[in-house]
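Asks: For reference, the structure I am asking about is given below.
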Amino acid sequence: MKRTTSAVRRLYRLLLDLVLPPCCVVCGKVEVWLCDGCAEQIPFADGPVCPRCGDAWDGPELCPRCRTSPLRAAPITSVFLFQDAIREAVHALKYRGGVQVVDPLSGRMAEAWRCWGLSSDLLVPVPLFSDREALRGYNQSALLARALSTRVEVPIDETILFRTRATASQTHLGRQERWDNVRDAFACSNARDLSGLRITLLDDVATTGATLDACAVALIAQGARDVSAFTLAHAL
Ligand SMILES: [Zn+2]
Ligand SMILES: [Zn+2]
């Protein structure tokens with residue numbers, strides 16, 4: 001049944017490509033979702049943010065949330081704001097099979113990684129529940145993490161962290177609902193001891209940080225020394 005749904009989904013994408021063929025979300029160049037030239041023009045997020053959670057914040061120290069109930073995934077660093085071309089490119093990646101955007105976007109992520117002096121022992125992509133990954137055909141965070149791993153030469157582990165249960169899409173949930181939705185939804189396989197490792201979670205978009213926090217709890221329980229997050233974009 002799962003395989004049938006996935007095949008139907010792929011056929012649907014193919015038909016959609018015939019009617020609405022891929023074209024660059026910025027300049028309209030055909031056959032790509034985001035061309036290299038346009039990807040290079042997208043500005044990095046550079047507004048004032050909380051140094052811990054990455055939310056917009058113009059205060060002298062941490063934002064109010066980080067002072068009272070800090071996330072365990074910290075700091076959260078995002079390359080772009082989730083708007084305009086980035087929003088459309090992520091949509092193409094998640095819902096139109098637009099894996100082509102991974103190459104130009106991971107190039108920019110690597111550029112930011114170096115520019116901002118980031119370092120890590122291990123990259124871990126935020127996993128999708130197996131049903132959703134089968135339906136989409138891939139995990140977009142894993143694709144970004146894989147490409148980034150090659151570019152910045154930091155190893156990646158795609159199997160250590162997994163989802164213990166299906167969770168509703170976070171997209172239409174309120175702030176508190178998002179936290180309840182992902183609580184205890186992640187665990188680590190016992191295959192690897194993470195003692196002493198500084199781990200960086202990779203995800204496409206950071207919103208409330210609830211998913212990243214739930215992942216960090218599982219990784220810390222497995223021995224990780226600290227867990228930060230690096231995402232393509234940060235929701236406004
Ligand atoms: Zn373009
Ligand atoms: Zn904060």
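Chain labels follow the order of the structure tokens: the first chain is A, the next B, and so on; residue numbering restarts at 1 in every chain, and ligands are counted from 1 in their shown order.
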For stretch 116-130 of chain A, find every residue with an atom within 9 Å (counting only C-alpha atoms), except residues of its own chain fewer than 2 positions away, and show them as number ranges by chain.

Replies: A: 111-114, 132-135, 138-146, 148-149, 154-167, 186, 197-204, 211-212, 215, 228

Asks: Within 12 Å of ligand 2, which residues show up when you count only C-alpha atoms and all ligand atoms? List them as a short mmCIF file (atom, residue, chain, number, x, y, z; two decimals) with N, CA and C atoms, in the first residue's frame, please.

Replies:
```cif
data_model
loop_
_atom_site.label_atom_id
_atom_site.label_comp_id
_atom_site.auth_asym_id
_atom_site.auth_seq_id
_atom_site.Cartn_x
_atom_site.Cartn_y
_atom_site.Cartn_z
N PRO A 48 19.37 41.25 13.91
CA PRO A 48 19.72 40.91 15.30
C PRO A 48 18.91 39.72 15.79
N VAL A 49 19.59 38.72 16.30
CA VAL A 49 18.91 37.52 16.81
C VAL A 49 19.45 37.15 18.18
N CYS A 50 18.67 36.35 18.88
CA CYS A 50 19.13 35.79 20.16
C CYS A 50 20.29 34.84 19.85
N PRO A 51 21.43 35.00 20.53
CA PRO A 51 22.59 34.16 20.22
C PRO A 51 22.37 32.69 20.54
N ARG A 52 21.31 32.39 21.29
CA ARG A 52 21.08 30.98 21.64
C ARG A 52 20.06 30.31 20.71
N CYS A 53 18.86 30.88 20.60
CA CYS A 53 17.81 30.19 19.82
C CYS A 53 17.68 30.72 18.40
N GLY A 54 18.31 31.83 18.10
CA GLY A 54 18.25 32.36 16.74
C GLY A 54 16.99 33.12 16.39
N ASP A 55 16.07 33.28 17.35
CA ASP A 55 14.86 34.08 17.10
C ASP A 55 15.25 35.55 16.98
N ALA A 56 14.44 36.31 16.23
CA ALA A 56 14.70 37.74 16.13
C ALA A 56 14.65 38.34 17.53
N TRP A 57 15.69 39.06 17.90
CA TRP A 57 15.78 39.61 19.26
C TRP A 57 16.86 40.67 19.28
N ASP A 58 16.49 41.84 19.76
CA ASP A 58 17.42 42.96 19.70
C ASP A 58 17.92 43.38 21.08
N GLY A 59 17.77 42.50 22.05
CA GLY A 59 18.16 42.86 23.42
C GLY A 59 19.65 42.67 23.65
N PRO A 60 20.13 43.09 24.81
CA PRO A 60 21.55 43.00 25.12
C PRO A 60 22.01 41.57 25.42
N GLU A 61 21.10 40.72 25.93
CA GLU A 61 21.52 39.36 26.27
C GLU A 61 20.67 38.33 25.53
N LEU A 62 20.29 37.27 26.25
CA LEU A 62 19.45 36.25 25.63
C LEU A 62 18.00 36.71 25.59
N CYS A 63 17.21 36.11 24.69
CA CYS A 63 15.79 36.45 24.61
C CYS A 63 15.07 35.94 25.87
N PRO A 64 13.86 36.42 26.15
CA PRO A 64 13.17 36.00 27.38
C PRO A 64 13.02 34.48 27.48
N ARG A 65 12.69 33.83 26.37
CA ARG A 65 12.51 32.37 26.43
C ARG A 65 13.80 31.68 26.87
N CYS A 66 14.94 32.10 26.28
CA CYS A 66 16.20 31.43 26.61
C CYS A 66 16.65 31.72 28.04
N ARG A 67 16.13 32.80 28.62
CA ARG A 67 16.50 33.09 30.01
C ARG A 67 15.68 32.23 30.97
N THR A 68 14.44 31.88 30.56
CA THR A 68 13.59 31.11 31.47
C THR A 68 13.57 29.62 31.16
N SER A 69 13.40 29.24 29.91
CA SER A 69 13.37 27.81 29.56
C SER A 69 14.16 27.57 28.27
N PRO A 70 15.49 27.57 28.41
CA PRO A 70 16.33 27.45 27.22
C PRO A 70 16.19 26.11 26.51
N LEU A 71 16.29 26.16 25.19
CA LEU A 71 16.28 24.94 24.38
C LEU A 71 17.56 24.16 24.65
N ARG A 72 17.47 22.84 24.54
CA ARG A 72 18.68 22.04 24.73
C ARG A 72 19.50 21.95 23.45
N ALA A 73 18.89 22.26 22.33
CA ALA A 73 19.65 22.37 21.08
C ALA A 73 20.08 23.82 20.97
N ALA A 74 21.38 24.09 21.17
CA ALA A 74 21.83 25.48 21.16
C ALA A 74 23.32 25.57 20.88
N PRO A 75 23.74 26.59 20.14
CA PRO A 75 22.85 27.58 19.53
C PRO A 75 22.21 27.03 18.25
N ILE A 76 21.11 27.68 17.86
CA ILE A 76 20.50 27.36 16.58
C ILE A 76 20.96 28.44 15.60
N THR A 77 21.68 28.02 14.57
CA THR A 77 22.19 28.96 13.58
C THR A 77 21.49 28.70 12.26
N THR A 208 9.75 26.75 15.95
CA THR A 208 9.74 27.01 17.39
C THR A 208 10.98 26.40 18.06
N GLY A 209 11.67 25.52 17.34
CA GLY A 209 12.80 24.82 17.95
C GLY A 209 12.36 23.55 18.68
#
```

Asks: Which chain A residues have any atom within 12 Å of an atom of ligand 1, and for each, what is the nearest pair of atoms with distance in Å to one decimal, counting only C-alpha atoms and all ligand atoms, rows sorted by chain and number, as JSON lines?

Replies:
```
{"residue": "A:Pro22", "atom": "CA", "partner": "ligand 1", "partner_atom_place_in_ligand_line": "1 (Zn)", "distance": 11.3}
{"residue": "A:Cys23", "atom": "CA", "partner": "ligand 1", "partner_atom_place_in_ligand_line": "1 (Zn)", "distance": 8.0}
{"residue": "A:Cys24", "atom": "CA", "partner": "ligand 1", "partner_atom_place_in_ligand_line": "1 (Zn)", "distance": 4.7}
{"residue": "A:Val25", "atom": "CA", "partner": "ligand 1", "partner_atom_place_in_ligand_line": "1 (Zn)", "distance": 6.6}
{"residue": "A:Val26", "atom": "CA", "partner": "ligand 1", "partner_atom_place_in_ligand_line": "1 (Zn)", "distance": 5.0}
{"residue": "A:Cys27", "atom": "CA", "partner": "ligand 1", "partner_atom_place_in_ligand_line": "1 (Zn)", "distance": 4.0}
{"residue": "A:Gly28", "atom": "CA", "partner": "ligand 1", "partner_atom_place_in_ligand_line": "1 (Zn)", "distance": 6.0}
{"residue": "A:Lys29", "atom": "CA", "partner": "ligand 1", "partner_atom_place_in_ligand_line": "1 (Zn)", "distance": 5.6}
{"residue": "A:Val30", "atom": "CA", "partner": "ligand 1", "partner_atom_place_in_ligand_line": "1 (Zn)", "distance": 8.7}
{"residue": "A:Glu31", "atom": "CA", "partner": "ligand 1", "partner_atom_place_in_ligand_line": "1 (Zn)", "distance": 10.4}
{"residue": "A:Val32", "atom": "CA", "partner": "ligand 1", "partner_atom_place_in_ligand_line": "1 (Zn)", "distance": 8.1}
{"residue": "A:Trp33", "atom": "CA", "partner": "ligand 1", "partner_atom_place_in_ligand_line": "1 (Zn)", "distance": 7.9}
{"residue": "A:Leu34", "atom": "CA", "partner": "ligand 1", "partner_atom_place_in_ligand_line": "1 (Zn)", "distance": 5.5}
{"residue": "A:Cys35", "atom": "CA", "partner": "ligand 1", "partner_atom_place_in_ligand_line": "1 (Zn)", "distance": 4.2}
{"residue": "A:Asp36", "atom": "CA", "partner": "ligand 1", "partner_atom_place_in_ligand_line": "1 (Zn)", "distance": 6.8}
{"residue": "A:Gly37", "atom": "CA", "partner": "ligand 1", "partner_atom_place_in_ligand_line": "1 (Zn)", "distance": 6.0}
{"residue": "A:Cys38", "atom": "CA", "partner": "ligand 1", "partner_atom_place_in_ligand_line": "1 (Zn)", "distance": 4.4}
{"residue": "A:Ala39", "atom": "CA", "partner": "ligand 1", "partner_atom_place_in_ligand_line": "1 (Zn)", "distance": 7.2}
{"residue": "A:Glu40", "atom": "CA", "partner": "ligand 1", "partner_atom_place_in_ligand_line": "1 (Zn)", "distance": 9.5}
{"residue": "A:Gln41", "atom": "CA", "partner": "ligand 1", "partner_atom_place_in_ligand_line": "1 (Zn)", "distance": 9.4}
{"residue": "A:Ile42", "atom": "CA", "partner": "ligand 1", "partner_atom_place_in_ligand_line": "1 (Zn)", "distance": 10.6}
{"residue": "A:Ala85", "atom": "CA", "partner": "ligand 1", "partner_atom_place_in_ligand_line": "1 (Zn)", "distance": 9.7}
{"residue": "A:Ala89", "atom": "CA", "partner": "ligand 1", "partner_atom_place_in_ligand_line": "1 (Zn)", "distance": 11.0}
{"residue": "A:Val101", "atom": "CA", "partner": "ligand 1", "partner_atom_place_in_ligand_line": "1 (Zn)", "distance": 11.1}
{"residue": "A:Pro104", "atom": "CA", "partner": "ligand 1", "partner_atom_place_in_ligand_line": "1 (Zn)", "distance": 10.8}
```

Asks: Could you pull out all residues of stretch 1-189 of chain A with a DSSP call of alpha helix (DSSP H) and give them as a PyMOL selection string?

Replies: chain A and resi 2-19+36-41+64-68+84-95+102-115+130-136+140-152+175-182

Asks: What lies within 8 Å of stretch 3-16 of chain A using only C-alpha atoms, ignoring chain neighbours under 2 positions off, as a ChimeraX atom specification?

Replies: /A:1,18-21,96-97,134-137

Asks: Would you save the residues of that selection, restricted to C-alpha atoms, as a short mmCIF file (atom, residue, chain, number, x, y, z; two decimals), in the first residue's frame?

Replies:
```
data_model
loop_
_atom_site.label_atom_id
_atom_site.label_comp_id
_atom_site.auth_asym_id
_atom_site.auth_seq_id
_atom_site.Cartn_x
_atom_site.Cartn_y
_atom_site.Cartn_z
CA MET A 1 0.00 0.00 0.00
CA LEU A 18 4.58 18.45 -17.51
CA VAL A 19 1.91 21.04 -16.79
CA LEU A 20 4.04 23.29 -14.60
CA PRO A 21 7.66 22.45 -15.48
CA ARG A 96 7.65 18.95 -5.93
CA GLY A 97 10.57 16.53 -5.83
CA ALA A 134 8.78 6.60 1.93
CA LEU A 135 6.01 8.84 0.64
CA ARG A 136 8.34 11.71 -0.27
CA GLY A 137 11.07 9.38 -1.50
#
```

Asks: For a test of reading the model, state the distance in Å between atom CA of A:Leu232 and atom CA of A:Ser195, rounded to one decimal.

Replies: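 Atom CA of A:Ser195 lies at a distance of 26.9 Å from atom CA of A:Leu232.
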
Asks: Among stretch 9-235 of chain A, which ones does DSSP place in strand (DSSP E), written as a ChimeraX atom specification?

Replies: /A:73-81,122-125,161-163,186-188,198-206,226-234

Asks: Take the residues from that selection and put them in a file with N, CA and C atoms, as a CSV table (one decimal), in the first residue's frame.

Replies:
```
chain,number,residue,atom,x,y,z
A,73,ALA,N,18.9,22.3,22.3
A,73,ALA,CA,19.7,22.4,21.1
A,73,ALA,C,20.1,23.8,21.0
A,74,ALA,N,21.4,24.1,21.2
A,74,ALA,CA,21.8,25.5,21.2
A,74,ALA,C,23.3,25.6,20.9
A,75,PRO,N,23.7,26.6,20.1
A,75,PRO,CA,22.9,27.6,19.5
A,75,PRO,C,22.2,27.0,18.3
A,76,ILE,N,21.1,27.7,17.9
A,76,ILE,CA,20.5,27.4,16.6
A,76,ILE,C,21.0,28.4,15.6
A,77,THR,N,21.7,28.0,14.6
A,77,THR,CA,22.2,29.0,13.6
A,77,THR,C,21.5,28.7,12.3
A,78,SER,N,20.9,29.7,11.7
A,78,SER,CA,20.2,29.6,10.4
A,78,SER,C,20.8,30.4,9.3
A,79,VAL,N,20.9,29.9,8.1
A,79,VAL,CA,21.6,30.6,7.1
A,79,VAL,C,20.8,31.7,6.5
A,80,PHE,N,19.5,31.4,6.3
A,80,PHE,CA,18.6,32.4,5.6
A,80,PHE,C,17.3,32.6,6.5
A,81,LEU,N,16.6,33.6,6.1
A,81,LEU,CA,15.3,33.8,6.7
A,81,LEU,C,14.3,33.0,5.8
A,122,LEU,N,30.2,16.0,14.4
A,122,LEU,CA,29.3,15.1,13.7
A,122,LEU,C,28.0,15.8,13.3
A,123,LEU,N,27.6,15.6,12.1
A,123,LEU,CA,26.3,16.2,11.6
A,123,LEU,C,25.2,15.1,11.7
A,124,VAL,N,24.1,15.4,12.2
A,124,VAL,CA,23.0,14.5,12.3
A,124,VAL,C,21.7,15.1,11.8
A,125,PRO,N,21.2,14.6,10.6
A,125,PRO,CA,20.0,15.2,10.1
A,125,PRO,C,18.7,14.9,11.0
A,161,LEU,N,19.9,8.6,15.0
A,161,LEU,CA,18.7,9.2,15.5
A,161,LEU,C,17.5,8.8,14.7
A,162,PHE,N,16.4,8.4,15.3
A,162,PHE,CA,15.2,8.0,14.6
A,162,PHE,C,13.9,8.5,15.3
A,163,ARG,N,12.8,8.5,14.5
A,163,ARG,CA,11.6,8.9,15.1
A,163,ARG,C,10.9,7.6,15.7
A,186,PHE,N,11.6,11.1,19.5
A,186,PHE,CA,12.9,10.7,18.9
A,186,PHE,C,13.7,9.8,19.9
A,187,ALA,N,14.5,9.0,19.4
A,187,ALA,CA,15.4,8.1,20.2
A,187,ALA,C,16.6,7.8,19.4
A,188,CYS,N,17.7,7.3,20.1
A,188,CYS,CA,18.9,6.9,19.5
A,188,CYS,C,19.0,5.4,19.4
A,198,ARG,N,30.5,16.7,20.0
A,198,ARG,CA,29.7,17.9,19.8
A,198,ARG,C,29.0,17.7,18.5
A,199,ILE,N,27.7,17.6,18.7
A,199,ILE,CA,26.8,17.2,17.5
A,199,ILE,C,26.1,18.4,17.0
A,200,THR,N,26.0,18.5,15.6
A,200,THR,CA,25.2,19.5,15.0
A,200,THR,C,24.0,18.9,14.3
A,201,LEU,N,22.8,19.3,14.7
A,201,LEU,CA,21.6,18.8,14.0
A,201,LEU,C,21.4,19.6,12.8
A,202,LEU,N,20.9,19.0,11.7
A,202,LEU,CA,20.7,19.6,10.4
A,202,LEU,C,19.2,19.6,10.1
A,203,ASP,N,18.6,20.7,9.8
A,203,ASP,CA,17.2,20.7,9.4
A,203,ASP,C,17.0,21.8,8.3
A,204,ASP,N,15.8,21.7,7.6
A,204,ASP,CA,15.6,22.7,6.6
A,204,ASP,C,15.1,24.0,7.2
A,205,VAL,N,14.1,23.9,8.1
A,205,VAL,CA,13.6,25.2,8.7
A,205,VAL,C,13.5,25.0,10.2
A,206,ALA,N,14.0,26.0,10.9
A,206,ALA,CA,13.8,26.1,12.4
A,206,ALA,C,12.6,27.0,12.6
A,226,ASP,N,27.5,18.2,23.6
A,226,ASP,CA,26.5,19.3,23.4
A,226,ASP,C,25.9,19.1,22.0
A,227,VAL,N,24.8,19.7,21.9
A,227,VAL,CA,24.0,19.6,20.6
A,227,VAL,C,23.6,21.0,20.1
A,228,SER,N,24.1,21.4,19.0
A,228,SER,CA,23.7,22.6,18.4
A,228,SER,C,22.9,22.3,17.1
A,229,ALA,N,22.4,23.3,16.4
A,229,ALA,CA,21.6,23.1,15.2
A,229,ALA,C,22.0,24.1,14.1
A,230,PHE,N,22.0,23.6,12.9
A,230,PHE,CA,22.4,24.4,11.8
A,230,PHE,C,21.3,24.2,10.8
A,231,THR,N,20.5,25.2,10.4
A,231,THR,CA,19.4,25.0,9.5
A,231,THR,C,19.5,25.9,8.3
A,232,LEU,N,18.9,25.5,7.2
A,232,LEU,CA,18.9,26.3,6.0
A,232,LEU,C,18.2,27.6,6.3
A,233,ALA,N,17.1,27.6,7.0
A,233,ALA,CA,16.3,28.8,7.2
A,233,ALA,C,15.7,28.9,8.6
A,234,HIS,N,15.4,30.1,9.0
A,234,HIS,CA,14.7,30.3,10.3
A,234,HIS,C,13.4,31.0,10.0
```

Asks: Select, from A:Cys115, A:Gly107, A:Arg178, A:Ser169, the residue with the minimum atom-to-atom distance to A:Arg151, counting only C-alpha atoms.

Replies: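 Between A:Cys115, A:Gly107, A:Arg178, A:Ser169, the residue approaching A:Arg151 most closely is A:Gly107.
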
Asks: In terms of the shortest atom-to-atom distance over only C-alpha atoms, which of A:Asp46, A:Asp180, A:Glu153, A:Asp193 is closest to A:Ala224?

Replies: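 Closest residue, counting only C-alpha atoms: A:Asp193.
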
Asks: Closest to A:Gln83 among A:Ala45, A:Leu105, A:Ala214, A:Val99, using only C-alpha atoms?

Replies: A:Ala45
